[in-house]
$ cat start-v4.pdb   # PDB, C-alpha atoms
ATOM      1  CA  MET A   1      -5.836  -9.154   9.961
ATOM      2  CA  SER A   2      -6.963  -5.503   9.923
ATOM      3  CA  LEU A   3      -5.247  -4.586   6.689
ATOM      4  CA  ILE A   4      -6.521  -3.594   3.244
ATOM      5  CA  LEU A   5      -4.191  -3.242   0.248
ATOM      6  CA  THR A   6      -5.442  -1.383  -2.808
ATOM      7  CA  SER A   7      -4.153  -0.142  -6.119
ATOM      8  CA  ASP A   8      -5.582   3.365  -5.961
ATOM      9  CA  PHE A   9      -8.333   3.765  -3.357
ATOM     10  CA  PRO A  10     -10.112   6.184  -3.085
ATOM     11  CA  SER A  11      -9.447   7.384  -6.651
ATOM     12  CA  SER A  12     -11.253   4.205  -7.699
ATOM     13  CA  PRO A  13     -13.746   3.701  -4.857
ATOM     14  CA  SER A  14     -14.633   0.212  -3.689
ATOM     15  CA  SER A  15     -17.902  -0.373  -1.845
ATOM     16  CA  LEU A  16     -16.252  -3.269   0.007
ATOM     17  CA  VAL A  17     -13.444  -1.044   1.304
ATOM     18  CA  VAL A  18     -15.885   1.699   2.267
ATOM     19  CA  ALA A  19     -18.049  -0.808   4.163
ATOM     20  CA  ARG A  20     -15.084  -2.172   6.118
ATOM     21  CA  MET A  21     -13.939   1.324   7.002
ATOM     22  CA  LYS A  22     -17.400   2.378   8.153
ATOM     23  CA  ALA A  23     -17.675  -0.775  10.245
ATOM     24  CA  VAL A  24     -14.779   0.511  12.378
ATOM     25  CA  ALA A  25     -16.713   3.520  13.684
ATOM     26  CA  PRO A  26     -19.681   5.690  12.619
ATOM     27  CA  ARG A  27     -17.292   8.598  11.885
ATOM     28  CA  PRO A  28     -13.816   7.077  11.958
ATOM     29  CA  ARG A  29     -10.852   9.319  12.647
ATOM     30  CA  ILE A  30      -8.388   8.665   9.832
ATOM     31  CA  ALA A  31      -4.660   9.464   9.752
ATOM     32  CA  TRP A  32      -3.690  10.277   6.151
ATOM     33  CA  VAL A  33       0.018   9.554   5.628
ATOM     34  CA  ALA A  34       1.901  10.446   2.418
ATOM     35  CA  PRO A  35       5.459   9.564   1.293
ATOM     36  CA  ASP A  36       6.812  13.108   1.632
ATOM     37  CA  THR A  37       5.798  16.644   2.502
ATOM     38  CA  PRO A  38       5.633  18.204  -0.996
ATOM     39  CA  GLY A  39       3.463  15.409  -2.388
ATOM     40  CA  GLY A  40       1.386  15.238   0.757
ATOM     41  CA  ARG A  41       0.607  18.934   0.796
ATOM     42  CA  ALA A  42      -0.144  18.888  -2.938
ATOM     43  CA  HIS A  43      -2.624  16.017  -2.684
ATOM     44  CA  PHE A  44      -4.264  16.382   0.731
ATOM     45  CA  ALA A  45      -6.970  18.803  -0.413
ATOM     46  CA  GLY A  46      -7.989  16.329  -3.099
ATOM     47  CA  ALA A  47      -7.950  13.529  -0.540
ATOM     48  CA  LEU A  48     -10.276  15.492   1.726
ATOM     49  CA  GLU A  49     -12.705  15.844  -1.149
ATOM     50  CA  ARG A  50     -12.554  12.208  -2.274
ATOM     51  CA  PHE A  51     -12.859  10.764   1.235
ATOM     52  CA  GLY A  52     -15.600  13.267   2.005
ATOM     53  CA  GLU A  53     -17.611  12.096  -0.985
ATOM     54  CA  LEU A  54     -17.462   8.584   0.491
ATOM     55  CA  GLY A  55     -18.757   9.766   3.863
ATOM     56  CA  PHE A  56     -15.469  10.177   5.752
ATOM     57  CA  ASP A  57     -15.129  13.665   7.239
ATOM     58  CA  GLN A  58     -12.502  13.047   9.933
ATOM     59  CA  LEU A  59      -9.337  12.949   7.800
ATOM     60  CA  GLU A  60      -6.150  14.332   9.387
ATOM     61  CA  TYR A  61      -2.838  15.051   7.666
ATOM     62  CA  CYS A  62       0.076  13.119   9.173
ATOM     63  CA  ASP A  63       3.546  14.091   7.968
ATOM     64  CA  VAL A  64       6.580  11.783   8.036
ATOM     65  CA  ASP A  65       8.973  14.109   6.255
ATOM     66  CA  GLU A  66       9.738  17.825   6.657
ATOM     67  CA  GLU A  67       6.834  18.639   8.988
ATOM     68  CA  LYS A  68       6.647  15.517  11.126
ATOM     69  CA  ASP A  69       4.907  15.833  14.460
ATOM     70  CA  ASP A  70       6.523  13.427  16.918
ATOM     71  CA  VAL A  71       3.574  13.613  19.301
ATOM     72  CA  GLN A  72       1.077  12.860  16.536
ATOM     73  CA  LEU A  73       3.151   9.859  15.423
ATOM     74  CA  ALA A  74       3.526   8.625  19.004
ATOM     75  CA  TYR A  75      -0.261   8.525  19.319
ATOM     76  CA  LEU A  76      -0.955   7.137  15.866
ATOM     77  CA  TYR A  77      -2.684   4.176  17.526
ATOM     78  CA  GLU A  78      -5.433   6.520  18.735
ATOM     79  CA  PHE A  79      -6.712   6.928  15.169
ATOM     80  CA  ASP A  80      -9.430   4.514  14.098
ATOM     81  CA  ILE A  81      -7.828   4.024  10.664
ATOM     82  CA  VAL A  82      -4.378   4.695   9.257
ATOM     83  CA  TYR A  83      -4.309   5.375   5.518
ATOM     84  CA  LEU A  84      -1.005   5.124   3.590
ATOM     85  CA  SER A  85      -1.311   7.016   0.322
ATOM     86  CA  GLY A  86       0.164   6.261  -3.058
ATOM     87  CA  GLY A  87       3.413   7.767  -4.289
ATOM     88  CA  ASP A  88       7.094   6.874  -4.429
ATOM     89  CA  PRO A  89       7.572   3.799  -2.178
ATOM     90  CA  LEU A  90      11.347   4.315  -2.041
ATOM     91  CA  ARG A  91      10.939   7.769  -0.526
ATOM     92  CA  PHE A  92       8.081   6.508   1.645
ATOM     93  CA  ARG A  93      10.220   3.648   2.974
ATOM     94  CA  TYR A  94      13.080   6.041   3.770
ATOM     95  CA  ASN A  95      10.813   8.354   5.733
ATOM     96  CA  MET A  96       9.068   5.418   7.406
ATOM     97  CA  LEU A  97      12.377   4.135   8.758
ATOM     98  CA  ARG A  98      13.711   7.588   9.604
ATOM     99  CA  THR A  99      10.678   8.619  11.635
ATOM    100  CA  GLY A 100       9.881   5.279  13.257
ATOM    101  CA  LEU A 101       6.595   4.971  11.374
ATOM    102  CA  SER A 102       7.190   1.244  10.896
ATOM    103  CA  GLY A 103       7.136   0.719  14.662
ATOM    104  CA  ARG A 104       3.983   2.812  14.988
ATOM    105  CA  LEU A 105       2.285   0.776  12.269
ATOM    106  CA  ARG A 106       3.232  -2.463  14.027
ATOM    107  CA  GLN A 107       1.744  -1.054  17.219
ATOM    108  CA  CYS A 108      -1.459  -0.173  15.351
ATOM    109  CA  ALA A 109      -1.605  -3.687  13.904
ATOM    110  CA  THR A 110      -1.129  -5.218  17.358
ATOM    111  CA  LEU A 111      -4.016  -3.109  18.658
ATOM    112  CA  ASP A 112      -6.153  -4.191  15.681
ATOM    113  CA  ARG A 113      -6.390  -0.717  14.168
ATOM    114  CA  LEU A 114      -7.385  -0.845  10.502
ATOM    115  CA  ILE A 115      -4.600   0.037   8.055
ATOM    116  CA  VAL A 116      -5.655   0.890   4.497
ATOM    117  CA  ALA A 117      -2.925   1.392   1.924
ATOM    118  CA  ALA A 118      -2.873   2.391  -1.734
ATOM    119  CA  GLY A 119      -0.240   2.151  -4.461
ATOM    120  CA  GLY A 120       3.233   2.943  -3.191
ATOM    121  CA  GLY A 121       1.988   3.023   0.384
ATOM    122  CA  ALA A 122       0.791  -0.563   0.073
ATOM    123  CA  LEU A 123       4.297  -1.686  -0.913
ATOM    124  CA  LEU A 124       5.522  -0.753   2.574
ATOM    125  CA  LEU A 125       3.524  -3.644   4.052
ATOM    126  CA  THR A 126       5.173  -6.207   1.738
ATOM    127  CA  PRO A 127       8.606  -7.868   2.026
ATOM    128  CA  ASN A 128      10.353  -5.481  -0.394
ATOM    129  CA  VAL A 129       9.747  -2.338  -2.463
ATOM    130  CA  SER A 130      12.159  -3.208  -5.305
ATOM    131  CA  LEU A 131       9.449  -3.715  -7.927
ATOM    132  CA  TYR A 132       9.286   0.070  -8.205
ATOM    133  CA  ARG A 133      12.955   0.148  -9.204
ATOM    134  CA  LEU A 134      12.305  -1.963 -12.296
ATOM    135  CA  GLN A 135      11.087   1.209 -13.987
ATOM    136  CA  THR A 136      14.617   2.560 -14.237
ATOM    137  CA  GLU A 137      16.962  -0.373 -13.540
ATOM    138  CA  SER A 138      17.560  -3.767 -15.102
ATOM    139  CA  VAL A 139      16.368  -6.959 -13.437
ATOM    140  CA  ASP A 140      19.965  -7.887 -12.627
ATOM    141  CA  GLU A 141      20.663  -4.486 -11.048
ATOM    142  CA  VAL A 142      17.519  -4.620  -8.948
ATOM    143  CA  LEU A 143      18.212  -8.131  -7.702
ATOM    144  CA  ALA A 144      21.840  -7.354  -6.877
ATOM    145  CA  THR A 145      20.807  -4.748  -4.300
ATOM    146  CA  ARG A 146      17.335  -6.012  -3.425
ATOM    147  CA  SER A 147      18.244  -6.774   0.192
ATOM    148  CA  ARG A 148      18.735  -3.051   0.808
ATOM    149  CA  PHE A 149      15.061  -2.370   0.156
ATOM    150  CA  ASP A 150      13.329  -4.690   2.614
ATOM    151  CA  ALA A 151       9.976  -3.462   3.929
ATOM    152  CA  MET A 152       7.659  -4.529   6.765
ATOM    153  CA  SER A 153       6.601  -8.042   5.607
ATOM    154  CA  ALA A 154       3.101  -7.787   7.053
ATOM    155  CA  VAL A 155       2.227  -9.990   4.074
ATOM    156  CA  SER A 156       4.456 -12.551   2.376
ATOM    157  CA  TYR A 157       4.083 -11.353  -1.224
ATOM    158  CA  GLU A 158       5.276  -8.289  -3.086
ATOM    159  CA  LEU A 159       2.661  -6.010  -4.594
ATOM    160  CA  LEU A 160       2.413  -4.397  -8.019
ATOM    161  CA  PRO A 161      -0.314  -1.732  -8.168
ATOM    162  CA  HIS A 162      -1.734  -0.206 -11.366
ATOM    163  CA  VAL A 163      -1.042  -3.347 -13.410
ATOM    164  CA  ASN A 164      -3.507  -2.116 -16.039
ATOM    165  CA  ARG A 165      -1.257   0.896 -16.685
ATOM    166  CA  TRP A 166       2.032  -0.929 -17.281
ATOM    167  CA  ASN A 167       3.204  -1.816 -20.787
ATOM    168  CA  ALA A 168       4.214  -5.303 -21.950
ATOM    169  CA  GLU A 169       7.935  -4.556 -21.643
ATOM    170  CA  PHE A 170       7.646  -3.659 -17.973
ATOM    171  CA  LEU A 171       5.448  -6.664 -17.180
ATOM    172  CA  ASP A 172       8.014  -8.880 -18.871
ATOM    173  CA  LYS A 173      10.620  -7.502 -16.458
ATOM    174  CA  VAL A 174       8.305  -8.269 -13.543
ATOM    175  CA  GLU A 175       7.917 -11.817 -14.839
ATOM    176  CA  ARG A 176      11.690 -12.298 -15.069
ATOM    177  CA  TYR A 177      12.144 -10.764 -11.633
ATOM    178  CA  SER A 178       9.546 -13.142 -10.189
ATOM    179  CA  ALA A 179      11.476 -16.112 -11.542
ATOM    180  CA  ARG A 180      14.399 -15.171  -9.292
ATOM    181  CA  VAL A 181      12.710 -14.344  -5.991
ATOM    182  CA  ASP A 182      11.162 -16.745  -3.517
ATOM    183  CA  ASN A 183       7.909 -14.909  -2.892
ATOM    184  CA  ASP A 184       4.878 -14.334  -5.117
ATOM    185  CA  ILE A 185       4.104 -10.995  -6.703
ATOM    186  CA  ILE A 186       0.453  -9.962  -6.622
ATOM    187  CA  ALA A 187      -0.530  -7.375  -9.215
ATOM    188  CA  LEU A 188      -3.657  -5.248  -8.835
ATOM    189  CA  ALA A 189      -5.507  -3.265 -11.469
ATOM    190  CA  ASP A 190      -6.862   0.113 -10.424
ATOM    191  CA  GLY A 191     -10.041  -0.343  -8.441
ATOM    192  CA  SER A 192      -8.900  -3.740  -7.160
ATOM    193  CA  VAL A 193      -8.250  -4.648  -3.560
ATOM    194  CA  ILE A 194      -6.714  -7.361  -1.400
ATOM    195  CA  PHE A 195      -8.039  -8.276   2.049
ATOM    196  CA  PRO A 196      -5.243 -10.172   3.829
ATOM    197  CA  GLU A 197      -6.552 -12.894   6.118
ATOM    198  CA  THR A 198      -3.149 -14.143   7.266
ATOM    199  CA  GLN A 199       0.387 -13.262   6.214
ATOM    200  CA  HIS A 200       0.058 -15.678   3.284
ATOM    201  CA  ALA A 201      -3.657 -15.915   2.443
ATOM    202  CA  PHE A 202      -6.025 -13.239   1.229
ATOM    203  CA  ASP A 203      -9.427 -12.531  -0.244
ATOM    204  CA  TYR A 204      -9.727 -10.071  -3.113
ATOM    205  CA  ALA A 205     -12.005  -8.080  -5.385
ATOM    206  CA  GLY A 206     -11.407  -6.711  -8.864
ATOM    207  CA  ASP A 207      -8.702  -7.835 -11.289
ATOM    208  CA  VAL A 208      -5.691  -9.614  -9.794
ATOM    209  CA  ILE A 209      -2.689 -11.319 -11.405
ATOM    210  CA  ARG A 210      -0.174 -13.526  -9.623
ATOM    211  CA  PHE A 211       3.446 -13.814 -10.762
ATOM    212  CA  ARG A 212       5.047 -16.968  -9.359
ATOM    213  CA  GLN A 213       8.443 -18.301 -10.408
ATOM    214  CA  GLY A 214       8.250 -16.557 -13.756
ATOM    215  CA  VAL A 215       4.673 -17.613 -14.551
ATOM    216  CA  ARG A 216       1.710 -15.230 -14.820
ATOM    217  CA  GLU A 217      -1.752 -16.318 -13.676
ATOM    218  CA  ALA A 218      -4.864 -14.114 -13.763
ATOM    219  CA  TYR A 219      -7.438 -14.648 -11.029
ATOM    220  CA  ALA A 220     -11.135 -14.707 -11.862
ATOM    221  CA  HIS A 221     -12.646 -11.224 -11.766
ATOM    222  CA  ARG A 222     -14.706 -10.360  -8.696
ATOM    223  CA  ALA A 223     -16.821  -7.236  -8.473
ATOM    224  CA  PRO A 224     -15.092  -4.628  -6.301
TER
END
$ encode --input "start-v4.pdb" --output "structure tokens"
Amino acid sequence: MSLILTSDFPSSPSSLVVARMKAVAPRPRIAWVAPDTPGGRAHFAGALERFGELGFDQLEYCDVDEEKDDVQLAYLYEFDIVYLSGGDPLRFRYNMLRTGLSGRLRQCATLDRLIVAAGGGALLLTPNVSLYRLQTESVDEVLATRSRFDAMSAVSYELLPHVNRWNAEFLDKVERYSARVDNDIIALADGSVIFPETQHAFDYAGDVIRFRQGVREAYAHRAP
């Protein structure tokens, strides 16, 4: 499966991610996709710098909001790598559905194009983006409307990025939420990464925690 899920790449670079990206092509052409236009425009210059420092100099801005280019999206499969940036996954999901990005990503996956996703962008590849809503809503409120926030289900588990940043109260909510959903929740610390092998199985590097049926289990640390 040509998919890499990260907490915050490239803010926290991973040599394993860089190696897999460079294995695609000597100078891969990368589509950089953000949740919305204001955030995308604000962060793209920094992305150019960070990717450039890692040896990637073919980064192209791809808008799915106010400045979307239908032709660019139609030929998304021509990029060597598609990168989904961090940010608000609720807004990202809305724009993904509105612009047909989900269909383009499925096409890229079918053609074995590498998709690398970070933070909120990574949530789009999971079954649901409702974990993000736990910041402002109760567990009961989130679960009551969870079916309205389904995502692509490229993997079978939900994803919680930046687990090292969340406080104990929020992680307790995640634990209670996990007790009432069928799928696992995989939490990644910044700098950590998941390499899906199938929809259900994955390899990983860094610090990973699994929430399953209300129980927390930390995986053994692996150097990222």
$ resolve_selection --input "start-v4.pdb" --expression "the PyMOL selection byres ((chain A and resi 31-33) around 6)" --output "ChimeraX atom specification"
/A:30,34,60-62,82-84
$ residues_around --input "start-v4.pdb" --residues "segment 196-213 of chain A" --least-positions-apart "2" --cutoff "10 Å" --atoms "all atoms listed in the file" --output "PDB file with C-alpha atoms, in the coordinates of the input"
ATOM      1  CA  MET A   1      -5.836  -9.154   9.961  1.00  0.00           C
ATOM      2  CA  SER A   2      -6.963  -5.503   9.923  1.00  0.00           C
ATOM      3  CA  LEU A   3      -5.247  -4.586   6.689  1.00  0.00           C
ATOM      4  CA  ILE A   4      -6.521  -3.594   3.244  1.00  0.00           C
ATOM      5  CA  LEU A   5      -4.191  -3.242   0.248  1.00  0.00           C
ATOM      6  CA  THR A   6      -5.442  -1.383  -2.808  1.00  0.00           C
ATOM      7  CA  SER A  14     -14.633   0.212  -3.689  1.00  0.00           C
ATOM      8  CA  LEU A  16     -16.252  -3.269   0.007  1.00  0.00           C
ATOM      9  CA  VAL A  17     -13.444  -1.044   1.304  1.00  0.00           C
ATOM     10  CA  THR A 126       5.173  -6.207   1.738  1.00  0.00           C
ATOM     11  CA  SER A 153       6.601  -8.042   5.607  1.00  0.00           C
ATOM     12  CA  ALA A 154       3.101  -7.787   7.053  1.00  0.00           C
ATOM     13  CA  VAL A 155       2.227  -9.990   4.074  1.00  0.00           C
ATOM     14  CA  SER A 156       4.456 -12.551   2.376  1.00  0.00           C
ATOM     15  CA  TYR A 157       4.083 -11.353  -1.224  1.00  0.00           C
ATOM     16  CA  GLU A 158       5.276  -8.289  -3.086  1.00  0.00           C
ATOM     17  CA  LEU A 159       2.661  -6.010  -4.594  1.00  0.00           C
ATOM     18  CA  LEU A 160       2.413  -4.397  -8.019  1.00  0.00           C
ATOM     19  CA  PRO A 161      -0.314  -1.732  -8.168  1.00  0.00           C
ATOM     20  CA  VAL A 163      -1.042  -3.347 -13.410  1.00  0.00           C
ATOM     21  CA  ASN A 164      -3.507  -2.116 -16.039  1.00  0.00           C
ATOM     22  CA  LEU A 171       5.448  -6.664 -17.180  1.00  0.00           C
ATOM     23  CA  VAL A 174       8.305  -8.269 -13.543  1.00  0.00           C
ATOM     24  CA  GLU A 175       7.917 -11.817 -14.839  1.00  0.00           C
ATOM     25  CA  ARG A 176      11.690 -12.298 -15.069  1.00  0.00           C
ATOM     26  CA  TYR A 177      12.144 -10.764 -11.633  1.00  0.00           C
ATOM     27  CA  SER A 178       9.546 -13.142 -10.189  1.00  0.00           C
ATOM     28  CA  ALA A 179      11.476 -16.112 -11.542  1.00  0.00           C
ATOM     29  CA  ARG A 180      14.399 -15.171  -9.292  1.00  0.00           C
ATOM     30  CA  VAL A 181      12.710 -14.344  -5.991  1.00  0.00           C
ATOM     31  CA  ASP A 182      11.162 -16.745  -3.517  1.00  0.00           C
ATOM     32  CA  ASN A 183       7.909 -14.909  -2.892  1.00  0.00           C
ATOM     33  CA  ASP A 184       4.878 -14.334  -5.117  1.00  0.00           C
ATOM     34  CA  ILE A 185       4.104 -10.995  -6.703  1.00  0.00           C
ATOM     35  CA  ILE A 186       0.453  -9.962  -6.622  1.00  0.00           C
ATOM     36  CA  ALA A 187      -0.530  -7.375  -9.215  1.00  0.00           C
ATOM     37  CA  LEU A 188      -3.657  -5.248  -8.835  1.00  0.00           C
ATOM     38  CA  ALA A 189      -5.507  -3.265 -11.469  1.00  0.00           C
ATOM     39  CA  ASP A 190      -6.862   0.113 -10.424  1.00  0.00           C
ATOM     40  CA  GLY A 191     -10.041  -0.343  -8.441  1.00  0.00           C
ATOM     41  CA  SER A 192      -8.900  -3.740  -7.160  1.00  0.00           C
ATOM     42  CA  VAL A 193      -8.250  -4.648  -3.560  1.00  0.00           C
ATOM     43  CA  ILE A 194      -6.714  -7.361  -1.400  1.00  0.00           C
ATOM     44  CA  VAL A 215       4.673 -17.613 -14.551  1.00  0.00           C
ATOM     45  CA  ARG A 216       1.710 -15.230 -14.820  1.00  0.00           C
ATOM     46  CA  GLU A 217      -1.752 -16.318 -13.676  1.00  0.00           C
ATOM     47  CA  ALA A 218      -4.864 -14.114 -13.763  1.00  0.00           C
ATOM     48  CA  TYR A 219      -7.438 -14.648 -11.029  1.00  0.00           C
ATOM     49  CA  ALA A 220     -11.135 -14.707 -11.862  1.00  0.00           C
ATOM     50  CA  HIS A 221     -12.646 -11.224 -11.766  1.00  0.00           C
ATOM     51  CA  ARG A 222     -14.706 -10.360  -8.696  1.00  0.00           C
ATOM     52  CA  ALA A 223     -16.821  -7.236  -8.473  1.00  0.00           C
ATOM     53  CA  PRO A 224     -15.092  -4.628  -6.301  1.00  0.00           C
TER      54      PRO A 224
END
$ residues_around --input "start-v4.pdb" --residues "segment 47-54 of chain A" --least-positions-apart "3" --cutoff "8 Å" --atoms "all atoms listed in the file" --output "number ranges by chain"
A: 10-11, 18, 43-44, 57, 59
$ closest_residue --input "start-v4.pdb" --among "A:Ala42, A:Val64, A:Leu90, A:Ala74" --to "Tyr132 of chain A" --atoms "all atoms listed in the file"
A:Leu90
$ atom_distance --input "start-v4.pdb" --atom1 "atom CA of Glu169 of chain A" --atom2 "atom CA of Arg133 of chain A"
14.2 Å
$ atom_distance --input "start-v4.pdb" --atom1 "atom CA of Gln135 of chain A" --atom2 "atom CA of Phe170 of chain A"
7.2 Å
$ resolve_selection --input "start-v4.pdb" --expression "the PyMOL selection byres ((chain A and resi 100-113) around 7)" --output "JSON, numbers by chain"
{"A": [2, 76, 77, 80, 81, 96, 97, 98, 99, 114, 115]}
$ write_last_selection --input "start-v4.pdb" --atoms "C-alpha atoms" --output "short mmCIF file (atom, residue, chain, number, x, y, z; two decimals), in the coordinates of the input"
data_model
loop_
_atom_site.label_atom_id
_atom_site.label_comp_id
_atom_site.auth_asym_id
_atom_site.auth_seq_id
_atom_site.Cartn_x
_atom_site.Cartn_y
_atom_site.Cartn_z
CA SER A 2 -6.96 -5.50 9.92
CA LEU A 76 -0.96 7.14 15.87
CA TYR A 77 -2.68 4.18 17.53
CA ASP A 80 -9.43 4.51 14.10
CA ILE A 81 -7.83 4.02 10.66
CA MET A 96 9.07 5.42 7.41
CA LEU A 97 12.38 4.14 8.76
CA ARG A 98 13.71 7.59 9.60
CA THR A 99 10.68 8.62 11.64
CA LEU A 114 -7.38 -0.84 10.50
CA ILE A 115 -4.60 0.04 8.06
#
$ atom_distance --input "start-v4.pdb" --atom1 "atom CA of Asp172 of chain A" --atom2 "atom CA of Tyr94 of chain A"
27.6 Å
$ residues_around --input "start-v4.pdb" --residues "Arg148 of chain A" --least-positions-apart "5" --cutoff "10 Å" --atoms "all atoms listed in the file" --output "MDAnalysis selection string"
chainID A and resid 128:130 142:143
